[in-house]
Number of protein chains: 2
Amino acid sequence: MLGASNRSIFSLMDLVPKRHSLLAETTAILREAVRSGRWQGSLPGERKLCSQMQIGRDTLRAAIRQMEREGLIAPGQAGRRRQITSVHSATGVVDRSPAGQHGVIVFLTPHHRERLHETLLLEVDVLRERLAGSGYRLEVVTNSKVFTLSRPNKALEKLNSDFPADAWVLHQTTAPIQRWFADKGPPCLLHGQPQGVDLPAVDIDYTAVGRHAGGYLIRQGHRNVTLVRPHAPLRGLDMAEAGLQNAFSKHPGETLAPPTTMRETESGDARALAESIRRLMQSPRRPTALVLTRTRQVLTVLSFLATQRMRVPEDLSLIALDYSPNFDYIVPQIACYRSDAETTARIVFRKVLEIAASGSAVHSPQPLMPDFIAGASVTKLA
Amino acid sequence: MLGASNRSIFSLMDLVPKRHSLLAETTAILREAVRSGRWQGSLPGERKLCSQMQIGRDTLRAAIRQMEREGLIAPGQAGRRRQITSVHSATGVVDRSPAGQHGVIVFLTPHHRERLHETLLLEVDVLRERLAGSGYRLEVVTNSKVFTLSRPNKALEKLNSDFPADAWVLHQTTAPIQRWFADKGPPCLLHGQPQGVDLPAVDIDYTAVGRHAGGYLIRQGHRNVTLVRPHAPLRGLDMAEAGLQNAFSKHPGETLAPPTTMRETESGDARALAESIRRLMQSPRRPTALVLTRTRQVLTVLSFLATQRMRVPEDLSLIALDYSPNFDYIVPQIACYRSDAETTARIVFRKVLEIAASGSAVHSPQPLMPDFIAGASVTKLA
DNA sequence: AAAAACTGGTTGGATCATCAGACCATCAGG
DNA sequence: CCTGATGGTCTGATGATCCAACCAGTTTTT
């Protein structure tokens, strides 16, 4: 008997207390009330309603805004009461996650699973761990064709029926995918920048990062800078580019030429990037510093420069807008922007849990700002 | 009934959302855990507990204070763990709860979680995913002090009582840890080489890898080779070293000087490794090729050589016994040995499931053999 | 026996959800 | 036209929660 003493009947899951959001509860109750035809035609006034529900007006309005998004209530007009548009529940948003039952969250990413960025990999793992503690299972869908199709609706419907989930986490998704989810898709959280849709999102403030990097390079004396970005049409990249441009255009006391942008080929191939860098370094407008948006670009550029017997930062400065633990193993320490995977995972976890439980969530109040690591890969010019 | 009046069937109560307090939930959960005899004698430390429960320390302490008032827990004393006063049914009465009960598997690794090798990270995630599908939860214990202690028994006992698990996966564990588990520890699976104990293990055949690498270098004309290994006393490293030596000593028709070995400093610091490489390259027995056992060494060596305007493979050939997806982004493609994380995870999954269910498992018949990727980082000498 | 690590206790400052109050422009109805 | 109700927006206050320190003891490790 003693030999079996270590067998545990306890799961760590038992230890994780459930977090409740007043907003989520409010939304659920309000949705049910509208759906069951409690009010005909229009809602009571906000002030009266929140006194009835014993909640603040902000909370009530957040819940109402959410239902507007779901199409249950028409957008409000000043002076008039809100109109109820539909009595039947849109997409059957039933009350979810009765205690003990297992829910499913799907994480959708364009990358191959084996090629997932280590920070993202860690984030997914932490997320999976936490979700398991709250009774949810995380499915990771990688390398789906929905990212390559120009008209992905059919594929998305199929994907959605293949993976019936309580909520989706959409990582680096394109505009058409986001639009489909916003229109008729299941509850979801954007892990990346929204592109013309109104969906809850969690992401880094790439504009601020780009601007900071630009300011730093300017202070270090760099006037000829090139940003290297992947081919993908992601808004985060646009923001980084805009932030960088902004830093150069708004620089006081001196008129600076705007930084240039180099787009990678669609394949993201290392050899192709190396060839582009070679041409760039031989061009008349040879930059003194590169702003890299992906950690893999750091490896490619660094190793390519080595083959040309060029040194970082003497011959070319590098600054990365992303971070990888591998940077710590590179000898001229790479100047970069580091965000904590566990922190991000925790935020995503809370939001996605709320979304899975209530159907949607309030929008993130403030974007994440990573820490700047001043490495030795940027040299100070005279 | 149909003729019922206009009088509303709705009560105002329906509209009032419930307010939950995290503190109340926490107290309830904690109380139940103590009452059911989850921990014997004393509670885990506050910091560990709140990380497990995913709550702040203040919240946890408030809950504990409440239970002190109830008399379930003795008042705390600085320096000592909290004692459970109400000893209730300490007998291992296994209340076989309904099906679907979660088991717990613990994955023990010496590395920081943020520094986990990407292949291992992927493997852990796949393992967690599969285990979740079989009703098990994977807990990852990283950076534990049991790896640095010369006599870790006490710490292991504490660890074991803090994490009651059905089975353990021991990644890169030292001999004393393995001995403790073999003697009185719970069921476990070694993810790495056994060191003087008889425990089920899953690992790569590093002897074969080392021998193959040696043979390949010899065929490419290299006669002066150095193996770079971390400081850790792991048998896998010894095996790789022995395999390499073996290839050189058994080479037919020619008597070769045995390859040398370079041990990293204990910290595994990039700058320290770079300094060692510098000395090595200036020594009279300057090697023509390095055999690297860790992927991070590839990054450090590569980037350090670049600072010296030395090129790979013209000035120094590199071959890695390990693999990282990042190698694909390095321009002279790194010769390396790649093993599939998903395959490894599948094997570990099956074994650990067997161990968790039965307490032991048959020993693995065949060790894993990774694929050799013939990269351009090894040059052919005359 | 000294050093290091861990323990409960305490503090101050952050963030966030929520609330309450105020102001405004708009609209309906007299 | 006036008046009151309505949605839209802003402010500051508050409490729950978290986090990073620091402290003074105790245990563990060397």
# chains A, B, ... in the order shown; residues from 1 in each chain; ligands from 1
>>> closest_atom_pairs(of="chain D", to="region 6-12 of chain C", cutoff="12 Å", atoms="only C-alpha atoms (C1' of nucleotides)", output="JSON lines")
{"residue": "D:DC19", "atom": "C1'", "partner": "C:DG12", "partner_atom": "C1'", "distance": 10.6}
{"residue": "D:DA20", "atom": "C1'", "partner": "C:DG12", "partner_atom": "C1'", "distance": 9.7}
{"residue": "D:DA21", "atom": "C1'", "partner": "C:DT11", "partner_atom": "C1'", "distance": 8.4}
{"residue": "D:DC22", "atom": "C1'", "partner": "C:DT11", "partner_atom": "C1'", "distance": 8.0}
{"residue": "D:DC23", "atom": "C1'", "partner": "C:DT10", "partner_atom": "C1'", "distance": 7.9}
{"residue": "D:DA24", "atom": "C1'", "partner": "C:DG9", "partner_atom": "C1'", "distance": 8.8}
{"residue": "D:DG25", "atom": "C1'", "partner": "C:DT7", "partner_atom": "C1'", "distance": 8.0}
{"residue": "D:DT26", "atom": "C1'", "partner": "C:DT7", "partner_atom": "C1'", "distance": 7.0}
{"residue": "D:DT27", "atom": "C1'", "partner": "C:DC6", "partner_atom": "C1'", "distance": 7.3}
{"residue": "D:DT28", "atom": "C1'", "partner": "C:DC6", "partner_atom": "C1'", "distance": 8.5}
{"residue": "D:DT29", "atom": "C1'", "partner": "C:DC6", "partner_atom": "C1'", "distance": 11.8}
>>> calpha_fit_rmsd(fixed="chain B", moving="chain A")
15.8 Å
>>> residues_around(residues="DT11 (chain D)", least_positions_apart="5", cutoff="12 Å", atoms="only C-alpha atoms (C1' of nucleotides)", output="VMD selection string")
chain C and resid 20 to 23
>>> residues_around(residues="DT17 (chain D)", least_positions_apart="4", cutoff="12 Å", atoms="only C-alpha atoms (C1' of nucleotides)", output="ChimeraX atom specification")
/A:19 /B:21-23,54-60,62 /C:14-17
>>> write_last_selection(atoms="C-alpha atoms (C1' of nucleotides)", output="PDB file, in the first residue's frame")
ATOM      1  CA  ARG A  19     -12.474  34.185 -12.357  1.00  0.00           C
TER       2      ARG A  19
ATOM      3  CA  SER B  21     -15.134  37.344  -5.234  1.00  0.00           C
ATOM      4  CA  LEU B  22     -11.878  35.680  -6.125  1.00  0.00           C
ATOM      5  CA  LEU B  23     -11.089  35.585  -2.453  1.00  0.00           C
ATOM      6  CA  GLN B  54      -2.717  31.414 -10.501  1.00  0.00           C
ATOM      7  CA  ILE B  55      -3.581  34.121  -7.999  1.00  0.00           C
ATOM      8  CA  GLY B  56      -1.675  36.865  -6.235  1.00  0.00           C
ATOM      9  CA  ARG B  57      -0.032  36.319  -2.911  1.00  0.00           C
ATOM     10  CA  ASP B  58      -2.264  38.851  -1.176  1.00  0.00           C
ATOM     11  CA  THR B  59      -5.367  36.972  -2.220  1.00  0.00           C
ATOM     12  CA  LEU B  60      -3.918  33.701  -1.063  1.00  0.00           C
ATOM     13  CA  ALA B  62      -6.329  36.594   2.828  1.00  0.00           C
TER      14      ALA B  62
ATOM     15  C1'  DA C  14       0.902  49.530 -10.065  1.00  0.00           C
ATOM     16  C1'  DT C  15      -3.163  48.038 -12.871  1.00  0.00           C
ATOM     17  C1'  DC C  16      -7.875  47.131 -13.693  1.00  0.00           C
ATOM     18  C1'  DA C  17     -12.876  46.745 -13.179  1.00  0.00           C
TER      19       DA C  17
END
>>> closest_residue(among="B:Ala78, B:Ile84, B:Val348, B:Leu122", to="chain C", atoms="only C-alpha atoms (C1' of nucleotides)")
B:Ala78
>>> residues_around(residues="region 265-282 of chain B", least_positions_apart="4", cutoff="9 Å", atoms="only C-alpha atoms (C1' of nucleotides)", output="PyMOL selection string")
(chain A and resi 328-331) or (chain B and resi 230-232+286-287+296-297+300-301+303-305+308)
>>> residues_around(residues="region 214-218 of chain B", least_positions_apart="4", cutoff="9 Å", atoms="only C-alpha atoms (C1' of nucleotides)", output="ChimeraX atom specification")
/B:209-210,222-223,225,243-248,251,259,289,291,319,378,380
>>> write_last_selection(atoms="C-alpha atoms", output="PDB file, in the first residue's frame")
ATOM      1  CA  VAL B 209      25.739  10.283 -33.426  1.00  0.00           C
ATOM      2  CA  GLY B 210      29.222  11.087 -32.173  1.00  0.00           C
ATOM      3  CA  HIS B 222      39.720  16.667 -40.907  1.00  0.00           C
ATOM      4  CA  ARG B 223      42.355  15.379 -38.512  1.00  0.00           C
ATOM      5  CA  VAL B 225      38.902  18.171 -34.222  1.00  0.00           C
ATOM      6  CA  GLY B 243      31.598   7.928 -30.028  1.00  0.00           C
ATOM      7  CA  LEU B 244      33.711  10.659 -31.547  1.00  0.00           C
ATOM      8  CA  GLN B 245      36.873   9.256 -30.020  1.00  0.00           C
ATOM      9  CA  ASN B 246      35.885   5.851 -31.229  1.00  0.00           C
ATOM     10  CA  ALA B 247      35.568   6.982 -34.827  1.00  0.00           C
ATOM     11  CA  PHE B 248      39.066   8.428 -34.702  1.00  0.00           C
ATOM     12  CA  HIS B 251      39.861   4.572 -38.390  1.00  0.00           C
ATOM     13  CA  PRO B 259      39.984  14.681 -30.917  1.00  0.00           C
ATOM     14  CA  ALA B 289      36.601  21.567 -37.197  1.00  0.00           C
ATOM     15  CA  VAL B 291      31.832  19.399 -32.989  1.00  0.00           C
ATOM     16  CA  ILE B 319      29.061  20.310 -37.141  1.00  0.00           C
ATOM     17  CA  VAL B 378      31.957  21.497 -43.167  1.00  0.00           C
ATOM     18  CA  LYS B 380      36.508  19.198 -47.564  1.00  0.00           C
TER      19      LYS B 380
END
>>> residues_around(residues="Val124 (chain B)", least_positions_apart="2", cutoff="12 Å", atoms="only C-alpha atoms (C1' of nucleotides)", output="number ranges by chain")
A: 121-122, 124-126, 128-129; B: 105-109, 113, 116-122, 126-132, 137-141, 169, 171, 191, 341-346, 348-349
>>> write_last_selection(atoms="N, CA and C atoms", output="compact mmCIF listing (two decimals), in the first residue's frame")
# COMPACT_ATOMS: atom_id res chain seq x y z
N LEU A 121 5.90 29.72 -29.18
CA LEU A 121 5.79 28.33 -28.73
C LEU A 121 5.61 28.29 -27.22
N LEU A 122 6.43 29.08 -26.54
CA LEU A 122 6.30 29.15 -25.09
C LEU A 122 4.95 29.70 -24.70
N VAL A 124 2.15 29.56 -26.37
CA VAL A 124 1.12 28.56 -26.62
C VAL A 124 1.11 27.53 -25.50
N ASP A 125 2.30 27.16 -25.07
CA ASP A 125 2.37 26.14 -24.03
C ASP A 125 1.83 26.66 -22.71
N VAL A 126 2.20 27.87 -22.36
CA VAL A 126 1.68 28.46 -21.13
C VAL A 126 0.16 28.60 -21.22
N ARG A 128 -1.88 26.83 -23.02
CA ARG A 128 -2.47 25.50 -22.92
C ARG A 128 -2.52 25.03 -21.47
N GLU A 129 -1.45 25.32 -20.76
CA GLU A 129 -1.38 24.92 -19.36
C GLU A 129 -2.47 25.61 -18.55
N ILE B 105 0.98 14.50 -14.53
CA ILE B 105 2.33 14.12 -14.90
C ILE B 105 3.21 15.35 -14.70
N VAL B 106 4.38 15.16 -14.12
CA VAL B 106 5.30 16.28 -13.93
C VAL B 106 6.52 16.09 -14.81
N PHE B 107 6.87 17.16 -15.52
CA PHE B 107 8.04 17.17 -16.39
C PHE B 107 9.11 18.00 -15.71
N LEU B 108 10.20 17.35 -15.37
CA LEU B 108 11.26 18.03 -14.61
C LEU B 108 12.46 18.29 -15.50
N THR B 109 12.83 19.55 -15.62
CA THR B 109 13.97 19.90 -16.47
C THR B 109 14.86 20.93 -15.78
N ARG B 113 12.43 28.04 -17.89
CA ARG B 113 11.36 27.81 -18.84
C ARG B 113 11.52 28.69 -20.08
N LEU B 116 14.06 27.24 -22.62
CA LEU B 116 13.95 25.88 -23.14
C LEU B 116 14.27 25.85 -24.62
N HIS B 117 15.06 24.90 -24.99
CA HIS B 117 15.39 24.64 -26.37
C HIS B 117 14.09 24.50 -27.18
N GLU B 118 14.06 25.14 -28.37
CA GLU B 118 12.79 25.15 -29.11
C GLU B 118 12.28 23.74 -29.41
N THR B 119 13.18 22.82 -29.70
CA THR B 119 12.74 21.45 -29.97
C THR B 119 12.08 20.86 -28.72
N LEU B 120 12.68 21.10 -27.58
CA LEU B 120 12.12 20.57 -26.34
C LEU B 120 10.79 21.26 -26.02
N LEU B 121 10.74 22.54 -26.30
CA LEU B 121 9.52 23.29 -26.06
C LEU B 121 8.37 22.70 -26.88
N LEU B 122 8.68 22.44 -28.14
CA LEU B 122 7.66 21.83 -29.00
C LEU B 122 7.28 20.46 -28.48
N VAL B 126 3.56 19.26 -27.42
CA VAL B 126 2.89 18.11 -28.03
C VAL B 126 2.53 17.09 -26.95
N LEU B 127 3.46 16.88 -26.03
CA LEU B 127 3.20 15.93 -24.95
C LEU B 127 2.01 16.38 -24.12
N ARG B 128 1.99 17.66 -23.81
CA ARG B 128 0.88 18.19 -23.02
C ARG B 128 -0.44 18.01 -23.75
N GLU B 129 -0.40 18.26 -25.02
CA GLU B 129 -1.60 18.12 -25.84
C GLU B 129 -2.11 16.68 -25.82
N ARG B 130 -1.21 15.74 -26.02
CA ARG B 130 -1.62 14.34 -26.07
C ARG B 130 -2.09 13.86 -24.71
N LEU B 131 -1.38 14.26 -23.68
CA LEU B 131 -1.77 13.83 -22.34
C LEU B 131 -3.14 14.37 -21.98
N ALA B 132 -3.41 15.61 -22.40
CA ALA B 132 -4.72 16.19 -22.12
C ALA B 132 -5.81 15.34 -22.76
N ARG B 137 -2.82 15.85 -16.97
CA ARG B 137 -2.36 17.21 -17.02
C ARG B 137 -0.86 17.21 -16.81
N LEU B 138 -0.18 17.98 -17.62
CA LEU B 138 1.28 18.03 -17.52
C LEU B 138 1.70 19.30 -16.79
N GLU B 139 2.47 19.10 -15.76
CA GLU B 139 3.02 20.24 -15.02
C GLU B 139 4.51 20.30 -15.29
N VAL B 140 5.01 21.44 -15.70
CA VAL B 140 6.42 21.58 -16.02
C VAL B 140 7.13 22.25 -14.86
N VAL B 141 8.10 21.57 -14.30
CA VAL B 141 8.89 22.14 -13.22
C VAL B 141 10.27 22.48 -13.77
N VAL B 169 8.46 12.79 -15.60
CA VAL B 169 9.38 12.69 -16.73
C VAL B 169 10.62 13.47 -16.34
N HIS B 171 14.01 15.02 -17.28
CA HIS B 171 14.80 15.45 -18.43
C HIS B 171 16.19 15.87 -17.98
N HIS B 191 14.05 11.02 -19.48
CA HIS B 191 14.19 11.63 -20.79
C HIS B 191 15.64 12.07 -20.89
N ALA B 341 10.77 16.28 -33.07
CA ALA B 341 10.20 16.49 -31.74
C ALA B 341 8.88 15.75 -31.59
N GLU B 342 8.08 15.73 -32.64
CA GLU B 342 6.77 15.09 -32.52
C GLU B 342 6.92 13.58 -32.32
N THR B 343 7.89 13.00 -33.02
CA THR B 343 8.12 11.57 -32.85
C THR B 343 8.55 11.27 -31.42
N THR B 344 9.53 12.03 -30.96
CA THR B 344 10.00 11.83 -29.59
C THR B 344 8.84 11.99 -28.62
N ALA B 345 8.05 13.02 -28.81
CA ALA B 345 6.93 13.27 -27.91
C ALA B 345 5.97 12.08 -27.91
N ARG B 346 5.76 11.49 -29.07
CA ARG B 346 4.84 10.36 -29.15
C ARG B 346 5.36 9.18 -28.34
N VAL B 348 7.55 9.29 -25.83
CA VAL B 348 7.50 9.65 -24.41
C VAL B 348 6.06 9.53 -23.91
N PHE B 349 5.14 9.99 -24.72
CA PHE B 349 3.73 9.94 -24.34
C PHE B 349 3.30 8.51 -24.03
>>> select_by_dssp(residues="region 110-170 of chain A", states="strand (DSSP E or B)", output="list in words")
Tyr136, Arg137, Leu138, Glu139, Val140, Val141, Thr142, Ala167, Trp168, Val169 and Leu170 of chain A
>>> interface_residues(of="chain D", to="chain A", cutoff="8 Å", atoms="only C-alpha atoms (C1' of nucleotides)", output="PyMOL selection string")
chain D and resi 5-8
>>> select_by_dssp(residues="region 179-272 of chain B", states="helix (DSSP H, G or I)", output="PyMOL selection string")
chain B and resi 179-184+206-219+235-249+270-272
>>> write_last_selection(atoms="C-alpha atoms", output="PDB file, in the first residue's frame")
ATOM      1  CA  ARG B 179      19.138   7.338  -7.752  1.00  0.00           C
ATOM      2  CA  TRP B 180      16.580   8.926  -5.482  1.00  0.00           C
ATOM      3  CA  PHE B 181      13.777   8.244  -7.906  1.00  0.00           C
ATOM      4  CA  ALA B 182      14.954   4.690  -8.420  1.00  0.00           C
ATOM      5  CA  ASP B 183      15.127   4.072  -4.672  1.00  0.00           C
ATOM      6  CA  LYS B 184      12.046   5.677  -3.249  1.00  0.00           C
ATOM      7  CA  TYR B 206      24.564   9.838 -28.770  1.00  0.00           C
ATOM      8  CA  THR B 207      27.316   7.291 -29.178  1.00  0.00           C
ATOM      9  CA  ALA B 208      26.168   6.576 -32.695  1.00  0.00           C
ATOM     10  CA  VAL B 209      25.739  10.283 -33.426  1.00  0.00           C
ATOM     11  CA  GLY B 210      29.222  11.087 -32.173  1.00  0.00           C
ATOM     12  CA  ARG B 211      30.715   8.226 -34.131  1.00  0.00           C
ATOM     13  CA  HIS B 212      28.929   9.228 -37.292  1.00  0.00           C
ATOM     14  CA  ALA B 213      30.044  12.821 -36.951  1.00  0.00           C
ATOM     15  CA  GLY B 214      33.622  11.655 -36.413  1.00  0.00           C
ATOM     16  CA  GLY B 215      33.535   9.422 -39.455  1.00  0.00           C
ATOM     17  CA  TYR B 216      32.104  12.180 -41.573  1.00  0.00           C
ATOM     18  CA  LEU B 217      34.752  14.670 -40.509  1.00  0.00           C
ATOM     19  CA  ILE B 218      37.494  12.144 -41.147  1.00  0.00           C
ATOM     20  CA  ARG B 219      36.168  11.470 -44.632  1.00  0.00           C
ATOM     21  CA  ARG B 235      26.026  10.768 -19.752  1.00  0.00           C
ATOM     22  CA  GLY B 236      24.690  11.737 -23.177  1.00  0.00           C
ATOM     23  CA  LEU B 237      27.652  14.086 -23.535  1.00  0.00           C
ATOM     24  CA  ASP B 238      30.069  11.400 -22.430  1.00  0.00           C
ATOM     25  CA  MET B 239      28.580   9.085 -25.012  1.00  0.00           C
ATOM     26  CA  ALA B 240      28.930  11.628 -27.792  1.00  0.00           C
ATOM     27  CA  GLU B 241      32.521  12.195 -26.770  1.00  0.00           C
ATOM     28  CA  ALA B 242      33.214   8.478 -26.655  1.00  0.00           C
ATOM     29  CA  GLY B 243      31.598   7.928 -30.028  1.00  0.00           C
ATOM     30  CA  LEU B 244      33.711  10.659 -31.547  1.00  0.00           C
ATOM     31  CA  GLN B 245      36.873   9.256 -30.020  1.00  0.00           C
ATOM     32  CA  ASN B 246      35.885   5.851 -31.229  1.00  0.00           C
ATOM     33  CA  ALA B 247      35.568   6.982 -34.827  1.00  0.00           C
ATOM     34  CA  PHE B 248      39.066   8.428 -34.702  1.00  0.00           C
ATOM     35  CA  SER B 249      40.701   5.510 -32.929  1.00  0.00           C
ATOM     36  CA  ALA B 270      28.190  33.243 -24.341  1.00  0.00           C
ATOM     37  CA  ARG B 271      31.095  35.587 -23.661  1.00  0.00           C
ATOM     38  CA  ALA B 272      32.981  32.916 -21.753  1.00  0.00           C
TER      39      ALA B 272
END
>>> closest_residue(among="A:Ala376, A:Ala24, A:Ala306, A:Leu43", to="chain C", atoms="only C-alpha atoms (C1' of nucleotides)")
A:Ala24
>>> closest_residue(among="A:Val298, A:Cys50, A:Leu321, A:Met310", to="chain C", atoms="only C-alpha atoms (C1' of nucleotides)")
A:Cys50
>>> closest_atom_pairs(of="chain C", to="chain A", cutoff="7 Å", atoms="only C-alpha atoms (C1' of nucleotides)", output="tab-separated table")
residue	atom	partner	partner_atom	distance
C:DT18	C1'	A:Gly56	CA	6.8
C:DC19	C1'	A:Gly56	CA	5.3
C:DT26	C1'	A:Gly79	CA	5.1
C:DC27	C1'	A:Gly79	CA	4.5
